[in-house]
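See below for query_27.cif, which holds mmCIF, N, CA and C atoms.
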data_data
loop_
_atom_site.label_atom_id
_atom_site.label_comp_id
_atom_site.auth_asym_id
_atom_site.auth_seq_id
_atom_site.Cartn_x
_atom_site.Cartn_y
_atom_site.Cartn_z
N MET X 1 -22.65 -22.40 -22.13
CA MET X 1 -21.56 -21.44 -22.17
C MET X 1 -20.86 -21.44 -20.82
N ASP X 2 -19.58 -21.26 -20.87
CA ASP X 2 -18.79 -21.29 -19.66
C ASP X 2 -18.38 -19.85 -19.31
N LEU X 3 -19.39 -19.03 -18.91
CA LEU X 3 -19.14 -17.63 -18.57
C LEU X 3 -19.57 -17.34 -17.14
N THR X 4 -18.81 -16.51 -16.48
CA THR X 4 -19.23 -16.07 -15.15
C THR X 4 -20.21 -14.92 -15.31
N ILE X 5 -20.92 -14.61 -14.26
CA ILE X 5 -21.87 -13.49 -14.29
C ILE X 5 -21.13 -12.18 -14.56
N ALA X 6 -20.00 -12.00 -13.91
CA ALA X 6 -19.22 -10.78 -14.10
C ALA X 6 -18.74 -10.66 -15.55
N ASN X 7 -18.30 -11.77 -16.14
CA ASN X 7 -17.83 -11.77 -17.52
C ASN X 7 -18.98 -11.43 -18.47
N SER X 8 -20.15 -12.01 -18.26
CA SER X 8 -21.28 -11.73 -19.15
C SER X 8 -21.74 -10.28 -19.01
N ARG X 9 -21.67 -9.71 -17.82
CA ARG X 9 -22.01 -8.29 -17.64
C ARG X 9 -21.04 -7.40 -18.41
N LYS X 10 -19.76 -7.75 -18.36
CA LYS X 10 -18.75 -6.97 -19.08
C LYS X 10 -18.99 -7.04 -20.59
N LEU X 11 -19.31 -8.24 -21.09
CA LEU X 11 -19.61 -8.40 -22.52
C LEU X 11 -20.83 -7.56 -22.92
N LEU X 12 -21.84 -7.53 -22.08
CA LEU X 12 -23.03 -6.72 -22.35
C LEU X 12 -22.68 -5.24 -22.36
N SER X 13 -21.88 -4.82 -21.40
CA SER X 13 -21.46 -3.42 -21.33
C SER X 13 -20.71 -2.99 -22.59
N ARG X 14 -19.80 -3.82 -23.04
CA ARG X 14 -19.04 -3.53 -24.27
C ARG X 14 -19.96 -3.48 -25.49
N ALA X 15 -20.89 -4.41 -25.56
CA ALA X 15 -21.83 -4.44 -26.69
C ALA X 15 -22.68 -3.17 -26.71
N LYS X 16 -23.17 -2.73 -25.54
CA LYS X 16 -23.97 -1.50 -25.47
C LYS X 16 -23.16 -0.29 -25.93
N THR X 17 -21.91 -0.23 -25.53
CA THR X 17 -21.04 0.88 -25.95
C THR X 17 -20.87 0.89 -27.46
N LYS X 18 -20.63 -0.28 -28.03
CA LYS X 18 -20.48 -0.37 -29.49
C LYS X 18 -21.76 0.04 -30.19
N LEU X 19 -22.91 -0.39 -29.69
CA LEU X 19 -24.19 0.00 -30.30
C LEU X 19 -24.44 1.49 -30.19
N ASP X 20 -24.10 2.08 -29.04
CA ASP X 20 -24.27 3.53 -28.88
C ASP X 20 -23.41 4.28 -29.88
N ASN X 21 -22.18 3.85 -30.06
CA ASN X 21 -21.30 4.49 -31.04
C ASN X 21 -21.83 4.30 -32.46
N TYR X 22 -22.39 3.15 -32.75
CA TYR X 22 -22.95 2.86 -34.07
C TYR X 22 -24.14 3.77 -34.35
N LYS X 23 -25.02 3.95 -33.35
CA LYS X 23 -26.18 4.82 -33.52
C LYS X 23 -25.75 6.25 -33.83
N VAL X 24 -24.74 6.75 -33.14
CA VAL X 24 -24.27 8.12 -33.37
C VAL X 24 -23.74 8.28 -34.79
N SER X 25 -22.93 7.35 -35.26
CA SER X 25 -22.38 7.49 -36.60
C SER X 25 -23.48 7.40 -37.65
N ASN X 26 -24.47 6.52 -37.47
CA ASN X 26 -25.58 6.43 -38.41
C ASN X 26 -26.42 7.69 -38.39
N ASN X 27 -26.59 8.28 -37.22
CA ASN X 27 -27.37 9.49 -37.08
C ASN X 27 -26.77 10.59 -37.96
N LYS X 28 -25.45 10.73 -37.95
CA LYS X 28 -24.79 11.74 -38.76
C LYS X 28 -24.95 11.43 -40.25
N THR X 29 -24.93 10.17 -40.60
CA THR X 29 -25.05 9.77 -42.00
C THR X 29 -26.40 10.14 -42.58
N TYR X 30 -27.48 9.79 -41.88
CA TYR X 30 -28.78 10.05 -42.46
C TYR X 30 -29.21 11.51 -42.33
N GLN X 31 -28.57 12.28 -41.48
CA GLN X 31 -28.91 13.69 -41.33
C GLN X 31 -28.83 14.43 -42.66
N LYS X 32 -27.89 14.03 -43.52
CA LYS X 32 -27.75 14.71 -44.80
C LYS X 32 -28.93 14.46 -45.73
N HIS X 33 -29.72 13.41 -45.46
CA HIS X 33 -30.87 13.08 -46.30
C HIS X 33 -32.17 13.72 -45.80
N ILE X 34 -32.16 14.28 -44.60
CA ILE X 34 -33.39 14.81 -44.03
C ILE X 34 -34.02 15.91 -44.90
N PRO X 35 -33.27 16.86 -45.44
CA PRO X 35 -33.92 17.87 -46.30
C PRO X 35 -34.67 17.25 -47.48
N GLN X 36 -34.09 16.25 -48.10
CA GLN X 36 -34.75 15.59 -49.23
C GLN X 36 -36.00 14.85 -48.76
N LEU X 37 -35.93 14.19 -47.61
CA LEU X 37 -37.09 13.48 -47.08
C LEU X 37 -38.19 14.45 -46.67
N LYS X 38 -37.80 15.61 -46.15
CA LYS X 38 -38.79 16.63 -45.80
C LYS X 38 -39.48 17.16 -47.05
N TYR X 39 -38.73 17.39 -48.11
CA TYR X 39 -39.30 17.84 -49.37
C TYR X 39 -40.29 16.80 -49.90
N TYR X 40 -39.93 15.53 -49.76
CA TYR X 40 -40.80 14.42 -50.16
C TYR X 40 -42.11 14.46 -49.36
N THR X 41 -41.99 14.58 -48.03
CA THR X 41 -43.20 14.58 -47.21
C THR X 41 -44.06 15.81 -47.47
N GLU X 42 -43.44 16.94 -47.75
CA GLU X 42 -44.21 18.15 -48.09
C GLU X 42 -44.97 17.96 -49.40
N ALA X 43 -44.34 17.36 -50.38
CA ALA X 43 -45.01 17.08 -51.66
C ALA X 43 -46.21 16.16 -51.43
N MET X 44 -46.04 15.20 -50.56
CA MET X 44 -47.13 14.27 -50.25
C MET X 44 -48.27 14.99 -49.53
N LYS X 45 -47.92 15.76 -48.50
CA LYS X 45 -48.93 16.47 -47.71
C LYS X 45 -49.74 17.44 -48.58
N ASN X 46 -49.05 18.08 -49.52
CA ASN X 46 -49.70 19.08 -50.37
C ASN X 46 -50.28 18.49 -51.65
N ASN X 47 -50.20 17.16 -51.78
CA ASN X 47 -50.71 16.48 -52.98
C ASN X 47 -50.10 17.10 -54.26
N ASN X 48 -48.80 17.39 -54.19
CA ASN X 48 -48.11 18.08 -55.27
C ASN X 48 -47.36 17.06 -56.15
N MET X 49 -48.04 16.62 -57.17
CA MET X 49 -47.49 15.60 -58.08
C MET X 49 -46.20 16.08 -58.74
N ALA X 50 -46.16 17.34 -59.20
CA ALA X 50 -44.99 17.86 -59.90
C ALA X 50 -43.74 17.82 -59.02
N ASN X 51 -43.86 18.27 -57.78
CA ASN X 51 -42.71 18.26 -56.87
C ASN X 51 -42.30 16.84 -56.51
N LEU X 52 -43.28 15.97 -56.35
CA LEU X 52 -42.97 14.58 -56.05
C LEU X 52 -42.20 13.94 -57.20
N GLU X 53 -42.65 14.16 -58.42
CA GLU X 53 -42.00 13.57 -59.59
C GLU X 53 -40.57 14.07 -59.79
N LYS X 54 -40.29 15.31 -59.36
CA LYS X 54 -38.92 15.84 -59.45
C LYS X 54 -37.95 15.04 -58.58
N LEU X 55 -38.46 14.45 -57.52
CA LEU X 55 -37.62 13.70 -56.59
C LEU X 55 -37.34 12.27 -57.03
N LEU X 56 -38.20 11.74 -57.90
CA LEU X 56 -38.11 10.32 -58.27
C LEU X 56 -37.22 10.11 -59.49
N SER X 57 -36.45 9.03 -59.47
CA SER X 57 -35.66 8.67 -60.65
C SER X 57 -36.62 8.11 -61.69
N LYS X 58 -36.21 8.13 -62.94
CA LYS X 58 -37.11 7.68 -64.00
C LYS X 58 -37.45 6.20 -63.89
N ASP X 59 -36.57 5.43 -63.26
CA ASP X 59 -36.83 3.99 -63.10
C ASP X 59 -37.13 3.63 -61.64
N ILE X 60 -37.85 4.50 -60.97
CA ILE X 60 -38.23 4.30 -59.57
C ILE X 60 -38.95 2.95 -59.40
N LEU X 61 -38.67 2.30 -58.28
CA LEU X 61 -39.31 1.04 -57.94
C LEU X 61 -39.93 1.18 -56.55
N LEU X 62 -41.22 0.86 -56.45
CA LEU X 62 -41.89 0.82 -55.15
C LEU X 62 -42.19 -0.63 -54.81
N ALA X 63 -41.92 -0.99 -53.58
CA ALA X 63 -42.25 -2.33 -53.10
C ALA X 63 -42.91 -2.19 -51.74
N ALA X 64 -43.86 -3.06 -51.45
CA ALA X 64 -44.57 -3.02 -50.17
C ALA X 64 -44.62 -4.41 -49.57
N ASP X 65 -44.51 -4.45 -48.25
CA ASP X 65 -44.56 -5.71 -47.52
C ASP X 65 -45.65 -5.61 -46.45
N GLY X 66 -46.76 -6.28 -46.71
CA GLY X 66 -47.85 -6.30 -45.75
C GLY X 66 -47.88 -7.56 -44.92
N GLY X 67 -46.97 -8.45 -45.17
CA GLY X 67 -46.97 -9.72 -44.44
C GLY X 67 -48.15 -10.59 -44.85
N GLU X 68 -48.51 -11.49 -43.99
CA GLU X 68 -49.60 -12.42 -44.29
C GLU X 68 -50.99 -11.80 -44.10
N ASN X 69 -51.10 -10.82 -43.21
CA ASN X 69 -52.42 -10.34 -42.82
C ASN X 69 -52.83 -8.99 -43.40
N ILE X 70 -51.90 -8.23 -43.93
CA ILE X 70 -52.23 -6.90 -44.45
C ILE X 70 -52.11 -6.94 -45.97
N LYS X 71 -53.19 -6.58 -46.62
CA LYS X 71 -53.15 -6.52 -48.08
C LYS X 71 -52.58 -5.16 -48.49
N VAL X 72 -51.61 -5.20 -49.38
CA VAL X 72 -51.02 -3.97 -49.88
C VAL X 72 -51.65 -3.64 -51.23
N VAL X 73 -51.59 -2.35 -51.59
CA VAL X 73 -52.20 -1.92 -52.84
C VAL X 73 -51.60 -2.67 -54.01
N ARG X 74 -50.28 -2.75 -54.04
CA ARG X 74 -49.52 -3.48 -55.05
C ARG X 74 -48.21 -3.90 -54.43
N GLU X 75 -47.69 -5.01 -54.87
CA GLU X 75 -46.40 -5.43 -54.32
C GLU X 75 -45.24 -4.70 -54.98
N LEU X 76 -45.30 -4.49 -56.31
CA LEU X 76 -44.24 -3.78 -57.03
C LEU X 76 -44.86 -2.76 -57.99
N THR X 77 -44.25 -1.60 -58.06
CA THR X 77 -44.68 -0.57 -59.00
C THR X 77 -43.42 0.06 -59.60
N PHE X 78 -43.42 0.25 -60.92
CA PHE X 78 -42.27 0.81 -61.63
C PHE X 78 -42.67 2.11 -62.33
N GLY X 79 -41.71 3.03 -62.45
CA GLY X 79 -41.89 4.24 -63.24
C GLY X 79 -42.46 5.42 -62.47
N ILE X 80 -42.08 6.63 -62.91
CA ILE X 80 -42.45 7.86 -62.22
C ILE X 80 -43.96 8.05 -62.15
N SER X 81 -44.64 7.92 -63.28
CA SER X 81 -46.07 8.21 -63.32
C SER X 81 -46.86 7.29 -62.38
N LYS X 82 -46.66 5.98 -62.51
CA LYS X 82 -47.38 5.03 -61.67
C LYS X 82 -46.99 5.18 -60.20
N ALA X 83 -45.70 5.37 -59.96
CA ALA X 83 -45.22 5.47 -58.58
C ALA X 83 -45.76 6.71 -57.89
N SER X 84 -45.73 7.85 -58.56
CA SER X 84 -46.19 9.09 -57.92
C SER X 84 -47.69 9.02 -57.64
N LYS X 85 -48.45 8.48 -58.56
CA LYS X 85 -49.90 8.33 -58.32
C LYS X 85 -50.17 7.41 -57.14
N LEU X 86 -49.47 6.30 -57.08
CA LEU X 86 -49.65 5.36 -55.98
C LEU X 86 -49.22 5.96 -54.64
N LEU X 87 -48.08 6.65 -54.64
CA LEU X 87 -47.59 7.26 -53.41
C LEU X 87 -48.60 8.28 -52.86
N LEU X 88 -49.13 9.12 -53.74
CA LEU X 88 -50.10 10.12 -53.30
C LEU X 88 -51.39 9.46 -52.82
N TYR X 89 -51.83 8.42 -53.49
CA TYR X 89 -53.03 7.69 -53.07
C TYR X 89 -52.83 7.08 -51.68
N VAL X 90 -51.71 6.39 -51.50
CA VAL X 90 -51.44 5.73 -50.21
C VAL X 90 -51.35 6.76 -49.10
N TYR X 91 -50.67 7.88 -49.38
CA TYR X 91 -50.55 8.92 -48.35
C TYR X 91 -51.94 9.44 -47.96
N LYS X 92 -52.71 9.78 -48.97
CA LYS X 92 -54.04 10.35 -48.72
C LYS X 92 -54.95 9.34 -48.01
N ALA X 93 -54.93 8.09 -48.41
CA ALA X 93 -55.82 7.07 -47.86
C ALA X 93 -55.39 6.54 -46.49
N PHE X 94 -54.08 6.45 -46.24
CA PHE X 94 -53.63 5.75 -45.04
C PHE X 94 -52.70 6.54 -44.11
N LEU X 95 -52.01 7.57 -44.61
CA LEU X 95 -50.95 8.19 -43.82
C LEU X 95 -51.22 9.64 -43.41
N THR X 96 -52.26 10.24 -43.96
CA THR X 96 -52.58 11.64 -43.63
C THR X 96 -52.82 11.78 -42.13
N GLY X 97 -52.19 12.79 -41.55
CA GLY X 97 -52.39 13.10 -40.14
C GLY X 97 -51.55 12.30 -39.16
N LEU X 98 -50.77 11.36 -39.66
CA LEU X 98 -49.92 10.57 -38.76
C LEU X 98 -48.67 11.35 -38.39
N GLU X 99 -48.10 11.02 -37.23
CA GLU X 99 -46.85 11.62 -36.80
C GLU X 99 -45.72 11.08 -37.67
N ILE X 100 -44.85 11.98 -38.12
CA ILE X 100 -43.75 11.59 -39.02
C ILE X 100 -42.42 11.82 -38.32
N LYS X 101 -41.57 10.80 -38.38
CA LYS X 101 -40.20 10.92 -37.88
C LYS X 101 -39.26 10.42 -38.97
N PHE X 102 -38.03 10.90 -38.91
CA PHE X 102 -37.02 10.46 -39.86
C PHE X 102 -36.03 9.56 -39.13
N GLY X 103 -35.56 8.54 -39.82
CA GLY X 103 -34.63 7.61 -39.20
C GLY X 103 -33.76 6.93 -40.23
N TYR X 104 -33.17 5.84 -39.78
CA TYR X 104 -32.26 5.07 -40.61
C TYR X 104 -32.56 3.61 -40.37
N VAL X 105 -32.97 2.87 -41.39
CA VAL X 105 -33.34 1.47 -41.26
C VAL X 105 -32.54 0.67 -42.29
N ASN X 106 -31.91 -0.39 -41.84
CA ASN X 106 -31.09 -1.23 -42.73
C ASN X 106 -30.08 -0.40 -43.53
N HIS X 107 -29.46 0.55 -42.85
CA HIS X 107 -28.43 1.41 -43.43
C HIS X 107 -28.98 2.32 -44.53
N GLN X 108 -30.28 2.60 -44.51
CA GLN X 108 -30.91 3.46 -45.52
C GLN X 108 -31.75 4.51 -44.80
N PRO X 109 -31.87 5.72 -45.38
CA PRO X 109 -32.75 6.72 -44.78
C PRO X 109 -34.20 6.22 -44.84
N ALA X 110 -34.98 6.60 -43.82
CA ALA X 110 -36.36 6.11 -43.74
C ALA X 110 -37.27 7.17 -43.15
N ILE X 111 -38.54 7.07 -43.50
CA ILE X 111 -39.59 7.88 -42.88
C ILE X 111 -40.47 6.91 -42.10
N LEU X 112 -40.70 7.27 -40.84
CA LEU X 112 -41.47 6.43 -39.93
C LEU X 112 -42.78 7.14 -39.64
N PHE X 113 -43.88 6.45 -39.86
CA PHE X 113 -45.21 7.01 -39.63
C PHE X 113 -45.80 6.35 -38.39
N TYR X 114 -46.18 7.17 -37.40
CA TYR X 114 -46.72 6.67 -36.15
C TYR X 114 -48.20 7.01 -36.03
N LYS X 115 -48.97 6.02 -35.58
CA LYS X 115 -50.40 6.19 -35.34
C LYS X 115 -50.64 5.90 -33.87
N SER X 116 -51.06 6.92 -33.12
CA SER X 116 -51.29 6.78 -31.68
C SER X 116 -50.04 6.25 -30.96
N GLY X 117 -48.87 6.73 -31.38
CA GLY X 117 -47.61 6.36 -30.74
C GLY X 117 -47.03 5.02 -31.16
N ILE X 118 -47.70 4.31 -32.06
CA ILE X 118 -47.24 3.00 -32.50
C ILE X 118 -46.80 3.10 -33.96
N LEU X 119 -45.64 2.52 -34.27
CA LEU X 119 -45.14 2.54 -35.64
C LEU X 119 -46.13 1.84 -36.55
N TYR X 120 -46.64 2.59 -37.54
CA TYR X 120 -47.71 2.11 -38.42
C TYR X 120 -47.20 1.78 -39.81
N ASN X 121 -46.21 2.55 -40.27
CA ASN X 121 -45.66 2.36 -41.61
C ASN X 121 -44.22 2.87 -41.60
N CYS X 122 -43.39 2.19 -42.35
CA CYS X 122 -41.99 2.61 -42.49
C CYS X 122 -41.64 2.58 -43.97
N GLN X 123 -41.20 3.71 -44.48
CA GLN X 123 -40.76 3.77 -45.87
C GLN X 123 -39.24 3.92 -45.87
N VAL X 124 -38.58 2.94 -46.47
CA VAL X 124 -37.12 2.91 -46.53
C VAL X 124 -36.71 3.32 -47.95
N PHE X 125 -35.77 4.26 -48.05
CA PHE X 125 -35.41 4.86 -49.33
C PHE X 125 -34.03 4.44 -49.79
N GLU X 126 -33.92 4.22 -51.09
CA GLU X 126 -32.62 4.09 -51.73
C GLU X 126 -32.46 5.34 -52.58
N LEU X 127 -31.44 6.12 -52.27
CA LEU X 127 -31.21 7.38 -52.96
C LEU X 127 -29.96 7.29 -53.82
N GLU X 128 -30.03 7.93 -54.98
CA GLU X 128 -28.89 7.94 -55.88
C GLU X 128 -28.86 9.28 -56.60
N LYS X 129 -27.78 10.03 -56.38
CA LYS X 129 -27.62 11.34 -57.02
C LYS X 129 -28.83 12.25 -56.80
N LYS X 130 -29.24 12.37 -55.53
CA LYS X 130 -30.35 13.24 -55.13
C LYS X 130 -31.70 12.84 -55.70
N LYS X 131 -31.81 11.63 -56.20
CA LYS X 131 -33.07 11.10 -56.70
C LYS X 131 -33.44 9.86 -55.89
N ILE X 132 -34.74 9.64 -55.74
CA ILE X 132 -35.22 8.45 -55.05
C ILE X 132 -35.28 7.32 -56.07
N LYS X 133 -34.45 6.33 -55.86
CA LYS X 133 -34.36 5.20 -56.79
C LYS X 133 -35.36 4.11 -56.43
N SER X 134 -35.60 3.92 -55.12
CA SER X 134 -36.59 2.93 -54.70
C SER X 134 -37.12 3.28 -53.32
N ILE X 135 -38.34 2.80 -53.06
CA ILE X 135 -38.97 2.95 -51.75
C ILE X 135 -39.53 1.58 -51.38
N TYR X 136 -39.13 1.12 -50.21
CA TYR X 136 -39.63 -0.15 -49.69
C TYR X 136 -40.50 0.18 -48.49
N SER X 137 -41.77 -0.08 -48.60
CA SER X 137 -42.73 0.26 -47.55
C SER X 137 -43.07 -0.97 -46.72
N ILE X 138 -42.84 -0.84 -45.42
CA ILE X 138 -43.13 -1.94 -44.50
C ILE X 138 -44.40 -1.59 -43.73
N VAL X 139 -45.42 -2.43 -43.87
CA VAL X 139 -46.67 -2.23 -43.14
C VAL X 139 -47.05 -3.45 -42.30
N ASP X 140 -46.30 -4.51 -42.40
CA ASP X 140 -46.54 -5.71 -41.62
C ASP X 140 -46.25 -5.41 -40.14
N PRO X 141 -47.27 -5.47 -39.28
CA PRO X 141 -47.06 -5.13 -37.86
C PRO X 141 -45.97 -5.96 -37.19
N LYS X 142 -45.83 -7.22 -37.55
CA LYS X 142 -44.78 -8.06 -36.96
C LYS X 142 -43.40 -7.54 -37.32
N LYS X 143 -43.22 -7.15 -38.58
CA LYS X 143 -41.92 -6.65 -39.01
C LYS X 143 -41.65 -5.25 -38.43
N LEU X 144 -42.70 -4.44 -38.31
CA LEU X 144 -42.53 -3.11 -37.73
C LEU X 144 -42.09 -3.20 -36.28
N LYS X 145 -42.60 -4.16 -35.53
CA LYS X 145 -42.21 -4.34 -34.13
C LYS X 145 -40.75 -4.73 -33.99
N SER X 146 -40.22 -5.42 -34.99
CA SER X 146 -38.85 -5.91 -34.89
C SER X 146 -37.80 -4.94 -35.38
N LEU X 147 -38.23 -3.78 -35.92
CA LEU X 147 -37.26 -2.81 -36.42
C LEU X 147 -36.42 -2.26 -35.29
N PHE X 148 -35.13 -2.14 -35.51
CA PHE X 148 -34.20 -1.58 -34.54
C PHE X 148 -34.04 -0.10 -34.87
N ILE X 149 -34.77 0.74 -34.17
CA ILE X 149 -34.75 2.18 -34.48
C ILE X 149 -34.34 2.96 -33.27
#

Take the structure in the file and write it out as structure tokens.
Amino acid sequence: MDLTIANSRKLLSRAKTKLDNYKVSNNKTYQKHIPQLKYYTEAMKNNNMANLEKLLSKDILLAADGGENIKVVRELTFGISKASKLLLYVYKAFLTGLEIKFGYVNHQPAILFYKSGILYNCQVFELEKKKIKSIYSIVDPKKLKSLFI
């Protein structure tokens, strides 16, 4: 590349400004989903199947990515009954007591679960008309490290 040091610094400065503006606009976007995500986490914490099922669309799809080294319970799960049972099982077995934060991943609202300050699980949601249409759970440590949050 034929760039001077001053030119490359200016390009970096402009890129950082654009990213900061992007983060702010995304922050406002996902803020509207936080009440629904909180209701979801409360249903999970309280093992409340009825409240959880109210949030899920009838054709809910769950997908999990454990990468090469982490075995996931199932790669794909369809339907309210199977999905709610699996979600409650996974929460109880693996996520109870972890720190929970809300964010935005790949332009979708997400719940981030931290274990000892390290991102342990990320659930990315597709929402449609106040219902959860799909949840993509990332548990692969390599992919979790690369998330831009």

Close residues, Leu86 (chain X) itself excluded, 10 Å, only C-alpha atoms, min 3 positions apart in chain, as a list of chain:residue names
X:Leu62, X:Val73, X:Arg74, X:Thr77, X:Ile80, X:Ser81, X:Lys82, X:Ala83, X:Tyr89, X:Val90, X:Tyr91, X:Lys92

Which centre and edge lengths in Å to one decimal define the box along x, y and z that fits every listed atom of region 118-135 of chain X plus 6 Å per side, as lines of an AutoDock Vina configuration file?
center_x = -37.7
center_y = 7.4
center_z = -44.5
size_x = 32.1
size_y = 23.7
size_z = 37.0

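Here CA of Val139 (chain X) is placed at a distance of 7.6 Å from CA of Gly67 (chain X).
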
Contact residues around Tyr120 (chain X) with only C-alpha atoms at 12 Å, ignoring same-chain residues under 6 positions, as a ChimeraX atom specification:
/X:66,70,94-96,98-101,111-114,137-145,147

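When all atoms listed in the file are used to measure the gap to Leu56 (chain X), the shortest distance among X:Ile118, X:Val124, X:Ile132, X:Leu87 belongs to X:Ile132.
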
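CA of Phe125 (chain X) lies 5.6 Å from CA of Pro109 (chain X).
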